[in-house]
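A.B. asks: See input_32.cif below, with mmCIF, C-alpha atoms and all ligand atoms.
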data_input
#
loop_
_atom_site.group_PDB
_atom_site.id
_atom_site.type_symbol
_atom_site.label_atom_id
_atom_site.label_comp_id
_atom_site.auth_asym_id
_atom_site.auth_seq_id
_atom_site.Cartn_x
_atom_site.Cartn_y
_atom_site.Cartn_z
ATOM 1 C CA MET A 1 0.000 0.000 0.000
ATOM 2 C CA LYS A 2 1.249 3.489 -0.860
ATOM 3 C CA LYS A 3 2.236 5.832 1.957
ATOM 4 C CA THR A 4 0.412 9.172 1.981
ATOM 5 C CA ILE A 5 2.382 12.407 1.848
ATOM 6 C CA ILE A 6 1.004 15.928 2.039
ATOM 7 C CA ILE A 7 3.033 18.786 0.559
ATOM 8 C CA THR A 8 2.102 22.445 0.855
ATOM 9 C CA GLY A 9 3.330 24.605 -2.013
ATOM 10 C CA ALA A 10 3.775 21.901 -4.665
ATOM 11 C CA SER A 11 2.295 24.072 -7.413
ATOM 12 C CA SER A 12 5.765 25.481 -8.015
ATOM 13 C CA GLY A 13 9.499 25.326 -7.272
ATOM 14 C CA ILE A 14 10.902 22.966 -4.637
ATOM 15 C CA GLY A 15 7.489 21.550 -3.680
ATOM 16 C CA TYR A 16 6.681 20.845 -7.329
ATOM 17 C CA ALA A 17 10.015 19.107 -7.937
ATOM 18 C CA LEU A 18 9.490 17.045 -4.788
ATOM 19 C CA ALA A 19 5.965 15.999 -5.820
ATOM 20 C CA ASP A 20 7.372 14.931 -9.195
ATOM 21 C CA ILE A 21 10.103 12.785 -7.601
ATOM 22 C CA LEU A 22 7.802 11.197 -5.012
ATOM 23 C CA ILE A 23 5.045 10.319 -7.498
ATOM 24 C CA LYS A 24 7.576 8.631 -9.790
ATOM 25 C CA THR A 25 8.802 6.313 -7.003
ATOM 26 C CA GLU A 26 5.274 4.838 -6.948
ATOM 27 C CA GLU A 27 5.815 4.402 -3.199
ATOM 28 C CA TYR A 28 3.727 7.392 -2.241
ATOM 29 C CA LYS A 29 0.297 8.905 -2.709
ATOM 30 C CA VAL A 30 0.913 12.658 -2.900
ATOM 31 C CA TYR A 31 -1.446 15.494 -1.967
ATOM 32 C CA ASN A 32 -0.686 19.117 -2.742
ATOM 33 C CA ILE A 33 -2.171 22.061 -0.874
ATOM 34 C CA SER A 34 -1.726 25.467 -2.502
ATOM 35 C CA ARG A 35 -3.824 28.178 -4.111
ATOM 36 C CA THR A 36 -3.129 26.902 -7.625
ATOM 37 C CA ASP A 37 -2.766 23.296 -8.722
ATOM 38 C CA CYS A 38 0.351 21.173 -9.030
ATOM 39 C CA SER A 39 0.442 19.934 -12.619
ATOM 40 C CA VAL A 40 2.359 16.712 -11.871
ATOM 41 C CA GLU A 41 0.202 13.839 -13.057
ATOM 42 C CA GLY A 42 -1.149 11.758 -10.192
ATOM 43 C CA VAL A 43 -0.870 14.448 -7.517
ATOM 44 C CA ILE A 44 -4.169 15.093 -5.732
ATOM 45 C CA ASN A 45 -4.735 18.825 -5.475
ATOM 46 C CA LYS A 46 -6.602 20.542 -2.650
ATOM 47 C CA ARG A 47 -6.809 24.238 -3.331
ATOM 48 C CA CYS A 48 -6.349 26.250 -0.180
ATOM 49 C CA ASP A 49 -4.577 29.339 1.096
ATOM 50 C CA VAL A 50 -2.520 28.333 4.141
ATOM 51 C CA THR A 51 -3.311 31.663 5.799
ATOM 52 C CA ARG A 52 -7.017 30.770 5.928
ATOM 53 C CA SER A 53 -6.461 28.705 9.028
ATOM 54 C CA ALA A 54 -9.956 27.214 9.490
ATOM 55 C CA LYS A 55 -10.157 26.091 5.867
ATOM 56 C CA PHE A 56 -6.551 24.868 5.932
ATOM 57 C CA THR A 57 -7.222 22.777 9.054
ATOM 58 C CA LYS A 58 -10.381 21.325 7.507
ATOM 59 C CA THR A 59 -8.549 20.494 4.280
ATOM 60 C CA LEU A 60 -5.916 18.599 6.259
ATOM 61 C CA LYS A 61 -8.502 16.844 8.441
ATOM 62 C CA ASP A 62 -10.434 15.727 5.355
ATOM 63 C CA ILE A 63 -7.275 14.160 3.901
ATOM 64 C CA ILE A 64 -6.483 12.452 7.219
ATOM 65 C CA ALA A 65 -10.080 11.121 7.457
ATOM 66 C CA LYS A 66 -9.859 9.731 3.926
ATOM 67 C CA GLU A 67 -6.370 8.225 4.170
ATOM 68 C CA GLY A 68 -6.219 7.151 7.805
ATOM 69 C CA SER A 69 -2.508 7.485 8.330
ATOM 70 C CA ILE A 70 -0.233 10.169 6.918
ATOM 71 C CA TYR A 71 3.396 9.145 6.502
ATOM 72 C CA ALA A 72 4.825 12.629 6.004
ATOM 73 C CA GLY A 73 3.932 16.292 5.813
ATOM 74 C CA ILE A 74 6.236 18.674 3.996
ATOM 75 C CA TYR A 75 5.615 22.376 4.497
ATOM 76 C CA SER A 76 7.165 24.129 1.500
ATOM 77 C CA ALA A 77 4.689 26.994 1.012
ATOM 78 C CA GLY A 78 6.516 30.264 1.374
ATOM 79 C CA TYR A 79 6.331 34.007 0.839
ATOM 80 C CA SER A 80 9.069 36.618 0.933
ATOM 81 C CA ILE A 81 9.259 40.362 1.203
ATOM 82 C CA ALA A 82 12.382 42.466 0.690
ATOM 83 C CA ALA A 83 12.239 45.870 2.334
ATOM 84 C CA PRO A 84 14.031 47.930 4.979
ATOM 85 C CA ILE A 85 12.309 47.097 8.268
ATOM 86 C CA GLU A 86 11.673 50.823 8.893
ATOM 87 C CA LEU A 87 9.605 50.993 5.717
ATOM 88 C CA THR A 88 7.832 47.623 5.944
ATOM 89 C CA HIS A 89 4.118 47.767 6.690
ATOM 90 C CA GLU A 90 3.185 45.764 9.751
ATOM 91 C CA GLU A 91 0.403 43.923 7.919
ATOM 92 C CA LYS A 92 2.952 42.658 5.364
ATOM 93 C CA LEU A 93 5.134 41.287 8.167
ATOM 94 C CA ARG A 94 2.093 39.666 9.760
ATOM 95 C CA TYR A 95 1.132 38.107 6.423
ATOM 96 C CA LEU A 96 4.709 36.855 6.037
ATOM 97 C CA PHE A 97 4.492 35.105 9.399
ATOM 98 C CA ASP A 98 0.992 33.837 8.566
ATOM 99 C CA VAL A 99 2.307 32.028 5.485
ATOM 100 C CA ASN A 100 5.786 31.006 6.648
ATOM 101 C CA TYR A 101 5.260 30.367 10.363
ATOM 102 C CA PHE A 102 1.634 30.138 11.507
ATOM 103 C CA GLY A 103 0.716 28.052 8.463
ATOM 104 C CA ALA A 104 3.476 25.621 9.427
ATOM 105 C CA VAL A 105 2.305 25.558 13.056
ATOM 106 C CA ASN A 106 -1.262 24.833 11.937
ATOM 107 C CA PHE A 107 0.026 22.138 9.559
ATOM 108 C CA CYS A 108 1.993 20.334 12.287
ATOM 109 C CA ARG A 109 -0.715 20.657 14.948
ATOM 110 C CA THR A 110 -3.294 19.135 12.651
ATOM 111 C CA LEU A 111 -1.105 16.240 11.498
ATOM 112 C CA ILE A 112 0.374 15.317 14.894
ATOM 113 C CA PRO A 113 -2.643 13.505 16.477
ATOM 114 C CA SER A 114 -2.949 10.989 13.648
ATOM 115 C CA MET A 115 0.850 10.528 13.415
ATOM 116 C CA ARG A 116 0.965 9.953 17.178
ATOM 117 C CA GLU A 117 -1.798 7.352 16.945
ATOM 118 C CA TYR A 118 0.271 5.409 14.385
ATOM 119 C CA LYS A 119 3.534 6.044 16.326
ATOM 120 C CA ASN A 120 5.072 7.114 13.054
ATOM 121 C CA GLY A 121 5.382 10.161 10.878
ATOM 122 C CA ARG A 122 7.685 12.738 9.365
ATOM 123 C CA LEU A 123 7.315 16.495 9.518
ATOM 124 C CA ILE A 124 9.619 18.359 7.167
ATOM 125 C CA LEU A 125 9.626 22.137 7.342
ATOM 126 C CA VAL A 126 11.366 24.059 4.588
ATOM 127 C CA GLY A 127 13.446 26.700 6.334
ATOM 128 C CA SER A 128 16.363 28.575 4.811
ATOM 129 C CA MET A 129 20.076 29.208 5.172
ATOM 130 C CA VAL A 130 19.191 32.849 5.862
ATOM 131 C CA SER A 131 18.045 31.789 9.330
ATOM 132 C CA GLN A 132 21.762 31.392 10.097
ATOM 133 C CA LEU A 133 22.999 34.142 7.780
ATOM 134 C CA PRO A 134 20.445 36.962 7.917
ATOM 135 C CA VAL A 135 20.520 39.249 4.875
ATOM 136 C CA PRO A 136 19.866 43.007 5.129
ATOM 137 C CA PHE A 137 16.446 44.097 3.800
ATOM 138 C CA LEU A 138 15.222 40.508 4.232
ATOM 139 C CA SER A 139 15.007 40.706 8.027
ATOM 140 C CA GLY A 140 11.317 39.799 8.180
ATOM 141 C CA TYR A 141 11.782 36.766 5.943
ATOM 142 C CA CYS A 142 14.966 35.700 7.779
ATOM 143 C CA SER A 143 13.128 36.014 11.122
ATOM 144 C CA SER A 144 10.283 33.827 9.874
ATOM 145 C CA LYS A 145 12.756 31.156 8.761
ATOM 146 C CA ALA A 146 14.653 31.355 12.080
ATOM 147 C CA ALA A 147 11.277 30.784 13.752
ATOM 148 C CA ILE A 148 10.772 27.709 11.564
ATOM 149 C CA GLY A 149 14.137 26.337 12.699
ATOM 150 C CA ALA A 150 13.227 26.839 16.361
ATOM 151 C CA LEU A 151 9.799 25.298 15.734
ATOM 152 C CA ALA A 152 11.387 22.213 14.173
ATOM 153 C CA GLN A 153 13.827 21.861 17.069
ATOM 154 C CA GLY A 154 11.134 22.192 19.735
ATOM 155 C CA LEU A 155 8.787 19.840 17.897
ATOM 156 C CA SER A 156 11.429 17.174 17.446
ATOM 157 C CA GLN A 157 11.960 17.110 21.225
ATOM 158 C CA GLU A 158 8.220 17.105 21.979
ATOM 159 C CA LEU A 159 7.413 14.424 19.431
ATOM 160 C CA GLU A 160 10.378 12.102 19.942
ATOM 161 C CA PRO A 161 8.471 9.893 22.458
ATOM 162 C CA PHE A 162 5.756 9.328 19.852
ATOM 163 C CA GLY A 163 8.060 8.184 17.049
ATOM 164 C CA ILE A 164 7.467 11.336 14.971
ATOM 165 C CA LYS A 165 10.583 12.799 13.361
ATOM 166 C CA CYS A 166 10.972 16.451 12.467
ATOM 167 C CA THR A 167 13.464 17.998 10.047
ATOM 168 C CA CYS A 168 14.146 21.582 9.014
ATOM 169 C CA VAL A 169 15.557 21.568 5.479
ATOM 170 C CA MET A 170 17.619 24.673 4.761
ATOM 171 C CA PRO A 171 18.042 25.547 1.089
ATOM 172 C CA GLY A 172 20.315 28.384 0.081
ATOM 173 C CA GLY A 173 19.642 30.365 -3.090
ATOM 174 C CA THR A 174 17.566 28.160 -5.384
ATOM 175 C CA ALA A 175 16.455 28.985 -8.903
ATOM 176 C CA THR A 176 12.645 29.119 -8.689
ATOM 177 C CA ALA A 177 9.788 31.544 -9.229
ATOM 178 C CA PHE A 178 10.363 32.674 -5.653
ATOM 179 C CA THR A 179 12.749 35.418 -6.866
ATOM 180 C CA ALA A 180 10.211 37.026 -9.199
ATOM 181 C CA ARG A 181 7.395 36.585 -6.715
ATOM 182 C CA ARG A 182 9.233 38.291 -3.870
ATOM 183 C CA ASP A 183 7.322 41.309 -2.590
ATOM 184 C CA LYS A 184 9.380 44.501 -2.945
ATOM 185 C CA ILE A 185 8.881 48.146 -2.163
ATOM 186 C CA ASN A 186 9.879 51.360 -3.864
ATOM 187 C CA CYS A 187 12.740 52.919 -1.908
ATOM 188 C CA HIS A 188 13.445 55.782 -4.319
ATOM 189 C CA GLY A 189 14.131 59.001 -2.465
ATOM 190 C CA THR A 190 15.037 57.203 0.785
ATOM 191 C CA LYS A 191 18.439 56.745 2.391
ATOM 192 C CA TYR A 192 18.160 53.002 1.786
ATOM 193 C CA ASN A 193 17.763 53.116 -1.977
ATOM 194 C CA ASP A 194 21.323 52.404 -3.136
ATOM 195 C CA ALA A 195 22.003 49.543 -0.737
ATOM 196 C CA TYR A 196 18.493 48.130 -1.220
ATOM 197 C CA CYS A 197 18.756 48.073 -5.027
ATOM 198 C CA LYS A 198 22.224 46.515 -4.856
ATOM 199 C CA MET A 199 21.002 43.818 -2.486
ATOM 200 C CA LEU A 200 17.978 43.002 -4.667
ATOM 201 C CA ALA A 201 20.117 42.683 -7.781
ATOM 202 C CA ARG A 202 22.725 40.486 -6.070
ATOM 203 C CA LEU A 203 20.085 38.331 -4.383
ATOM 204 C CA GLY A 204 18.402 37.784 -7.745
ATOM 205 C CA VAL A 205 21.696 36.650 -9.279
ATOM 206 C CA THR A 206 22.508 34.414 -6.282
ATOM 207 C CA GLU A 207 19.157 32.679 -6.587
ATOM 208 C CA ALA A 208 19.235 32.410 -10.389
ATOM 209 C CA LYS A 209 22.702 30.822 -10.169
ATOM 210 C CA GLY A 210 21.745 28.809 -7.108
ATOM 211 C CA MET A 211 20.740 25.189 -6.743
ATOM 212 C CA ASP A 212 18.244 23.560 -9.024
ATOM 213 C CA ALA A 213 14.926 22.925 -7.233
ATOM 214 C CA LYS A 214 15.237 19.274 -8.313
ATOM 215 C CA ASN A 215 18.454 18.868 -6.308
ATOM 216 C CA VAL A 216 16.849 20.334 -3.203
ATOM 217 C CA ALA A 217 13.850 18.053 -3.744
ATOM 218 C CA GLU A 218 16.121 15.002 -4.073
ATOM 219 C CA ILE A 219 17.702 15.856 -0.733
ATOM 220 C CA ILE A 220 14.245 16.040 0.874
ATOM 221 C CA SER A 221 13.189 12.813 -0.807
ATOM 222 C CA ARG A 222 16.278 10.945 0.483
ATOM 223 C CA THR A 223 15.591 12.304 3.971
ATOM 224 C CA LEU A 224 12.112 10.809 3.856
ATOM 225 C CA ALA A 225 13.641 7.358 3.447
ATOM 226 C CA LYS A 226 16.085 7.718 6.357
ATOM 227 C CA LYS A 227 15.367 5.928 9.638
ATOM 228 C CA ALA A 228 17.039 8.693 11.625
ATOM 229 C CA PRO A 229 16.655 11.947 9.655
ATOM 230 C CA PRO A 230 18.698 14.951 10.813
ATOM 231 C CA LEU A 231 17.009 17.798 12.661
ATOM 232 C CA PHE A 232 18.695 20.476 10.533
ATOM 233 C CA LEU A 233 19.558 19.698 6.955
ATOM 234 C CA PRO A 234 21.336 22.369 4.910
ATOM 235 C CA ALA A 235 20.686 21.559 1.241
ATOM 236 C CA GLY A 236 23.898 20.316 -0.383
ATOM 237 C CA LEU A 237 27.601 20.431 0.426
ATOM 238 C CA THR A 238 28.186 24.187 0.061
ATOM 239 C CA ASN A 239 25.304 25.010 2.374
ATOM 240 C CA THR A 240 26.439 22.333 4.844
ATOM 241 C CA LEU A 241 29.938 23.824 5.012
ATOM 242 C CA THR A 242 28.530 27.361 5.235
ATOM 243 C CA SER A 243 26.238 26.286 8.060
ATOM 244 C CA VAL A 244 29.122 24.799 10.044
ATOM 245 C CA ALA A 245 31.224 27.928 9.454
ATOM 246 C CA ALA A 246 28.370 30.207 10.547
ATOM 247 C CA LYS A 247 28.185 28.326 13.849
ATOM 248 C CA ILE A 248 31.866 28.631 14.718
ATOM 249 C CA VAL A 249 32.770 32.037 13.301
ATOM 250 C CA PRO A 250 31.930 35.136 15.427
ATOM 251 C CA GLN A 251 28.582 36.657 14.362
ATOM 252 C CA GLU A 252 30.241 39.982 13.485
ATOM 253 C CA LEU A 253 32.300 38.139 10.862
ATOM 254 C CA VAL A 254 29.209 36.349 9.574
ATOM 255 C CA SER A 255 27.480 39.739 9.130
ATOM 256 C CA MET A 256 30.570 41.187 7.411
ATOM 257 C CA PHE A 257 30.616 38.221 5.030
ATOM 258 C CA VAL A 258 26.889 38.546 4.208
ATOM 259 C CA ASP A 259 27.326 42.304 3.741
ATOM 260 C CA SER A 260 30.201 41.784 1.335
ATOM 261 C CA VAL A 261 28.133 39.348 -0.705
ATOM 262 C CA PHE A 262 24.934 41.395 -0.872
ATOM 263 C CA VAL A 263 25.586 45.076 -0.178
ATOM 264 C CA THR A 264 29.117 46.486 -0.057
HETATM 265 N N1 LIG B 301 14.050 29.774 -3.841
HETATM 266 C C1 LIG B 301 14.943 30.007 -2.887
HETATM 267 O O1 LIG B 301 16.024 30.613 -3.143
HETATM 268 C C2 LIG B 301 14.694 29.529 -1.491
HETATM 269 C C3 LIG B 301 15.796 29.519 -0.585
HETATM 270 C C4 LIG B 301 15.582 29.074 0.703
HETATM 271 C C5 LIG B 301 14.328 28.660 1.113
HETATM 272 N N2 LIG B 301 13.279 28.687 0.227
HETATM 273 C C6 LIG B 301 11.973 28.241 0.724
HETATM 274 O O2 LIG B 301 11.556 27.146 -0.068
HETATM 275 C C7 LIG B 301 10.121 27.075 -0.042
HETATM 276 C C8 LIG B 301 9.626 26.888 -1.466
HETATM 277 O O3 LIG B 301 9.979 28.033 -2.216
HETATM 278 P P1 LIG B 301 10.233 27.957 -3.788
HETATM 279 O O4 LIG B 301 11.577 28.484 -4.042
HETATM 280 O O5 LIG B 301 9.861 26.629 -4.274
HETATM 281 O O6 LIG B 301 9.214 29.095 -4.263
HETATM 282 P P2 LIG B 301 7.971 29.082 -5.271
HETATM 283 O O7 LIG B 301 8.343 28.414 -6.544
HETATM 284 O O8 LIG B 301 7.506 30.491 -5.326
HETATM 285 O O9 LIG B 301 6.892 28.177 -4.503
HETATM 286 C C9 LIG B 301 6.201 28.668 -3.378
HETATM 287 C C10 LIG B 301 5.009 27.775 -3.160
HETATM 288 O O10 LIG B 301 4.331 28.278 -1.998
HETATM 289 C C11 LIG B 301 2.940 28.323 -2.287
HETATM 290 N N3 LIG B 301 2.297 29.379 -1.511
HETATM 291 C C12 LIG B 301 2.699 30.651 -1.349
HETATM 292 N N4 LIG B 301 1.817 31.333 -0.608
HETATM 293 C C13 LIG B 301 0.820 30.454 -0.292
HETATM 294 C C14 LIG B 301 -0.381 30.564 0.436
HETATM 295 N N5 LIG B 301 -0.757 31.703 1.014
HETATM 296 N N6 LIG B 301 -1.178 29.465 0.546
HETATM 297 C C15 LIG B 301 -0.803 28.296 -0.047
HETATM 298 N N7 LIG B 301 0.323 28.130 -0.742
HETATM 299 C C16 LIG B 301 1.130 29.208 -0.862
HETATM 300 C C17 LIG B 301 2.864 28.627 -3.772
HETATM 301 O O11 LIG B 301 1.629 28.140 -4.317
HETATM 302 P P3 LIG B 301 0.412 29.044 -4.849
HETATM 303 O O12 LIG B 301 0.949 30.343 -5.302
HETATM 304 O O13 LIG B 301 -0.190 28.185 -5.928
HETATM 305 O O14 LIG B 301 -0.495 29.158 -3.649
HETATM 306 C C18 LIG B 301 4.025 27.802 -4.316
HETATM 307 O O15 LIG B 301 3.601 26.492 -4.600
HETATM 308 C C19 LIG B 301 9.644 28.360 0.619
HETATM 309 O O16 LIG B 301 9.302 28.065 1.963
HETATM 310 C C20 LIG B 301 10.867 29.260 0.590
HETATM 311 O O17 LIG B 301 10.858 30.164 1.671
HETATM 312 C C21 LIG B 301 13.442 29.106 -1.061
#
Produce structure tokens that represent the structure in this file.
Ligand SMILES: NC(=O)c1ccc[n+]([C@@H]2O[C@H](COP(=O)([O-])OP(=O)(O)OC[C@H]3O[C@@H](n4cnc5c(N)ncnc54)[C@H](OP(=O)(O)O)[C@@H]3O)[C@@H](O)[C@H]2O)c1
C.D. replies:
Amino acid sequence: MKKTIIITGASSGIGYALADILIKTEEYKVYNISRTDCSVEGVINKRCDVTRSAKFTKTLKDIIAKEGSIYAGIYSAGYSIAAPIELTHEEKLRYLFDVNYFGAVNFCRTLIPSMREYKNGRLILVGSMVSQLPVPFLSGYCSSKAAIGALAQGLSQELEPFGIKCTCVMPGGTATAFTARRDKINCHGTKYNDAYCKMLARLGVTEAKGMDAKNVAEIISRTLAKKAPPLFLPAGLTNTLTSVAAKIVPQELVSMFVDSVFVT
């Protein structure tokens, strides 16, 4: 019998590539939850905005009721805004956390009871390398991804007695529609404009030249098969080495490095 997997955000990018890989293994039945459909043949689409919490919860509960047990939930839905914090509207920051953090919390809370009943289950939250290396003008986004890392760590401790494993996958720049979709603001006429425009341009290049979504998806797919998946999983060798370096190097040096890459 096929194991059931629910992915949020498989209409595009990393989630899409993952759905494609998982369907082809013929080991899994794959559901996608997003506002537009995932076009991979065989994926069962449930249209829903993860910020509409009541509808999102019901969508998840309906899948659980139909399938009985859920082997894994992968939260890949994500939103990003680039703006100086001083000029970012509060409602945009709240929306950012609604998509990136509260949606993930809702996702996990709804899946946990059934996973606990079966003493099995995988929760994979797509975080980001920027949680360890915050980038100027992306502070809101970086904060939301740092929150995802802390959520994954807390959950893994809470859920360990029930046989549920939790992993925070941390991609670095990845070539997807995420770059074009990023919310931006007009900083013309402000003191931030030069640095902001430079950062946006360099971030765009970093992502365009970054990993292929398929490679990130393969890493997630391999993690799903592991008996003891890691809690934090930087995507690929370069990100793994960068993550180790960011832990041992003084934070001032980390900030100087990020600044040199994106602003100065
Ligand atoms: N690309 C990168 O460089 C990069 C780096 C590190 C981490 N990440 C993270 O990787 C994850 C996937 O990003 P990606 O690069 O694959 O971007 P993407 O191609 O833009 O995909 C984002 C997905 O999130 C879904 N989504 C966004 N808002 C939603 C909402 N309100 N309700 C439901 N679904 C929503 C989108 O579906 P609909 O629009 O159809 O709803 C889409 O399927 C995100 O969490 C992102 O933060 C990306």
A.B. asks: Quick one: residues within 8 Å of segment 1-17 of chain A, only C-alpha atoms counted, chain neighbours fewer than 4 positions away excluded, as a compact mmCIF listing (two decimals) with C-alpha atoms, in the coordinates of the input?
C.D. replies:
# COMPACT_ATOMS: atom_id res chain seq x y z
CA ILE A 21 10.10 12.78 -7.60
CA GLU A 26 5.27 4.84 -6.95
CA GLU A 27 5.82 4.40 -3.20
CA TYR A 28 3.73 7.39 -2.24
CA LYS A 29 0.30 8.90 -2.71
CA VAL A 30 0.91 12.66 -2.90
CA TYR A 31 -1.45 15.49 -1.97
CA ASN A 32 -0.69 19.12 -2.74
CA ILE A 33 -2.17 22.06 -0.87
CA SER A 34 -1.73 25.47 -2.50
CA THR A 36 -3.13 26.90 -7.62
CA ASP A 37 -2.77 23.30 -8.72
CA CYS A 38 0.35 21.17 -9.03
CA SER A 39 0.44 19.93 -12.62
CA VAL A 40 2.36 16.71 -11.87
CA GLU A 67 -6.37 8.22 4.17
CA SER A 69 -2.51 7.48 8.33
CA ILE A 70 -0.23 10.17 6.92
CA TYR A 71 3.40 9.14 6.50
CA ALA A 72 4.82 12.63 6.00
CA GLY A 73 3.93 16.29 5.81
CA ILE A 74 6.24 18.67 4.00
CA TYR A 75 5.62 22.38 4.50
CA SER A 76 7.16 24.13 1.50
CA ALA A 77 4.69 26.99 1.01
CA GLY A 78 6.52 30.26 1.37
CA THR A 176 12.64 29.12 -8.69
CA ALA A 177 9.79 31.54 -9.23
CA PHE A 178 10.36 32.67 -5.65
CA ALA A 213 14.93 22.92 -7.23
CA LYS A 214 15.24 19.27 -8.31
CA VAL A 216 16.85 20.33 -3.20
CA ALA A 217 13.85 18.05 -3.74
A.B. asks: Please indicate the distance in Å from atom CA of Ile63 of chain A to atom CA of Cys48 of chain A, rounded to one decimal place.
C.D. replies: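 If I compute the distance from atom CA of Ile63 of chain A to atom CA of Cys48 of chain A, I get 12.8 Å.
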A.B. asks: For ligand LIG 301 (chain B), take all atoms listed in the file, fit an axis-aligned box around them, add 6 Å to each of the six sides, then output centre and edge lengths in Å rounded to one decimal, as lines of an AutoDock Vina configuration file.
C.D. replies:
center_x = 7.4
center_y = 29.1
center_z = -2.3
size_x = 29.2
size_y = 17.2
size_z = 20.5
A.B. asks: Would you compute the distance between atom CA of Ser114 of chain A and atom CA of Thr57 of chain A? Give it in Å to one decimal.
C.D. replies: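 Answer for the atom CA of Ser114 of chain A to atom CA of Thr57 of chain A separation: 13.4 Å.
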A.B. asks: Pull out every residue that the PyMOL selection byres (((chain A and resi 156-159) around 10) and not hetatm) matches in the shown coordinates and put them as a ChimeraX atom specification.
C.D. replies: /A:112,115-116,119-123,150-155,160-168,231
A.B. asks: Carefully work through the PyMOL selection byres (((chain A and resi 141-148) around 7) and not hetatm) for this structure and note down the residues it includes, as a list in words.
C.D. replies: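 Going through the file, the PyMOL selection byres (((chain A and resi 141-148) around 7) and not hetatm) ends up selecting Ser80, Ile81, Phe97, Asn100, Tyr101, Gly127, Ser128, Val130, Ser131, Pro134, Leu138, Ser139, Gly140, Gly149, Ala150, Leu151 and Ala152 of chain A.
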A.B. asks: How far is it from atom CA of Leu125 of chain A to atom CA of Val169 of chain A, in Å with one decimal?
C.D. replies: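 Result for atom CA of Leu125 of chain A versus atom CA of Val169 of chain A: 6.2 Å, one decimal.
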A.B. asks: Counting only C-alpha atoms, figure out which residue out of A:Met170, A:Leu224, A:Val258, A:Ala201 gets nearest to Thr240 of chain A.
C.D. replies: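 Checking each candidate against Thr240 of chain A, we get A:Met170 as the closest.
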A.B. asks: So which one's closest to ligand LIG 301 (chain B), A:Asp194, A:Asp49, A:Asp62, A:Asp20? Using all atoms listed in the file, please.
C.D. replies: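 That would be A:Asp49, the residue with the smallest distance to ligand LIG 301 (chain B).
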A.B. asks: I need the residue nearest Tyr95 of chain A from this list: A:Lys184, A:Arg52, A:Arg202, A:Lys24. Use all atoms listed in the file for the distance.
C.D. replies: A:Arg52
A.B. asks: Determine the nearest neighbour of ligand LIG 301 (chain B) from the options A:Ala83, A:Leu233, A:Ala245, A:Ala208, counting all atoms listed in the file.
C.D. replies: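 Using all atoms listed in the file, ligand LIG 301 (chain B) sits closest to A:Ala208.
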A.B. asks: From the list A:Ala228, A:Glu252, A:Asn215, A:Val261, which residue is nearest Met199 of chain A when using all atoms listed in the file?
C.D. replies: A:Val261
A.B. asks: Please, can segment 13-24 of chain A be completed to N, CA and C atoms and returned as a PDB file, in the coordinates of the input?
C.D. replies:
ATOM      1  N   GLY A  13       8.187  25.360  -7.926  1.00  0.00           N
ATOM      2  CA  GLY A  13       9.499  25.326  -7.272  1.00  0.00           C
ATOM      3  C   GLY A  13       9.876  24.023  -6.597  1.00  0.00           C
ATOM      4  N   ILE A  14      10.377  24.126  -5.377  1.00  0.00           N
ATOM      5  CA  ILE A  14      10.902  22.966  -4.637  1.00  0.00           C
ATOM      6  C   ILE A  14       9.787  21.954  -4.369  1.00  0.00           C
ATOM      7  N   GLY A  15       8.622  22.444  -3.959  1.00  0.00           N
ATOM      8  CA  GLY A  15       7.489  21.550  -3.680  1.00  0.00           C
ATOM      9  C   GLY A  15       7.063  20.789  -4.920  1.00  0.00           C
ATOM     10  N   TYR A  16       7.057  21.477  -6.052  1.00  0.00           N
ATOM     11  CA  TYR A  16       6.681  20.845  -7.329  1.00  0.00           C
ATOM     12  C   TYR A  16       7.682  19.740  -7.680  1.00  0.00           C
ATOM     13  N   ALA A  17       8.969  20.088  -7.591  1.00  0.00           N
ATOM     14  CA  ALA A  17      10.015  19.107  -7.937  1.00  0.00           C
ATOM     15  C   ALA A  17       9.931  17.898  -7.014  1.00  0.00           C
ATOM     16  N   LEU A  18       9.609  18.144  -5.747  1.00  0.00           N
ATOM     17  CA  LEU A  18       9.490  17.045  -4.788  1.00  0.00           C
ATOM     18  C   LEU A  18       8.296  16.150  -5.143  1.00  0.00           C
ATOM     19  N   ALA A  19       7.164  16.780  -5.451  1.00  0.00           N
ATOM     20  CA  ALA A  19       5.965  15.999  -5.820  1.00  0.00           C
ATOM     21  C   ALA A  19       6.291  15.107  -7.019  1.00  0.00           C
ATOM     22  N   ASP A  20       7.013  15.666  -7.980  1.00  0.00           N
ATOM     23  CA  ASP A  20       7.372  14.931  -9.195  1.00  0.00           C
ATOM     24  C   ASP A  20       8.229  13.704  -8.854  1.00  0.00           C
ATOM     25  N   ILE A  21       9.221  13.899  -7.993  1.00  0.00           N
ATOM     26  CA  ILE A  21      10.103  12.785  -7.601  1.00  0.00           C
ATOM     27  C   ILE A  21       9.306  11.717  -6.838  1.00  0.00           C
ATOM     28  N   LEU A  22       8.504  12.156  -5.888  1.00  0.00           N
ATOM     29  CA  LEU A  22       7.802  11.197  -5.012  1.00  0.00           C
ATOM     30  C   LEU A  22       6.765  10.376  -5.783  1.00  0.00           C
ATOM     31  N   ILE A  23       6.058  11.030  -6.698  1.00  0.00           N
ATOM     32  CA  ILE A  23       5.045  10.319  -7.498  1.00  0.00           C
ATOM     33  C   ILE A  23       5.719   9.229  -8.339  1.00  0.00           C
ATOM     34  N   LYS A  24       6.889   9.575  -8.896  1.00  0.00           N
ATOM     35  CA  LYS A  24       7.576   8.631  -9.790  1.00  0.00           C
ATOM     36  C   LYS A  24       8.099   7.391  -9.050  1.00  0.00           C
TER      37      LYS A  24
END
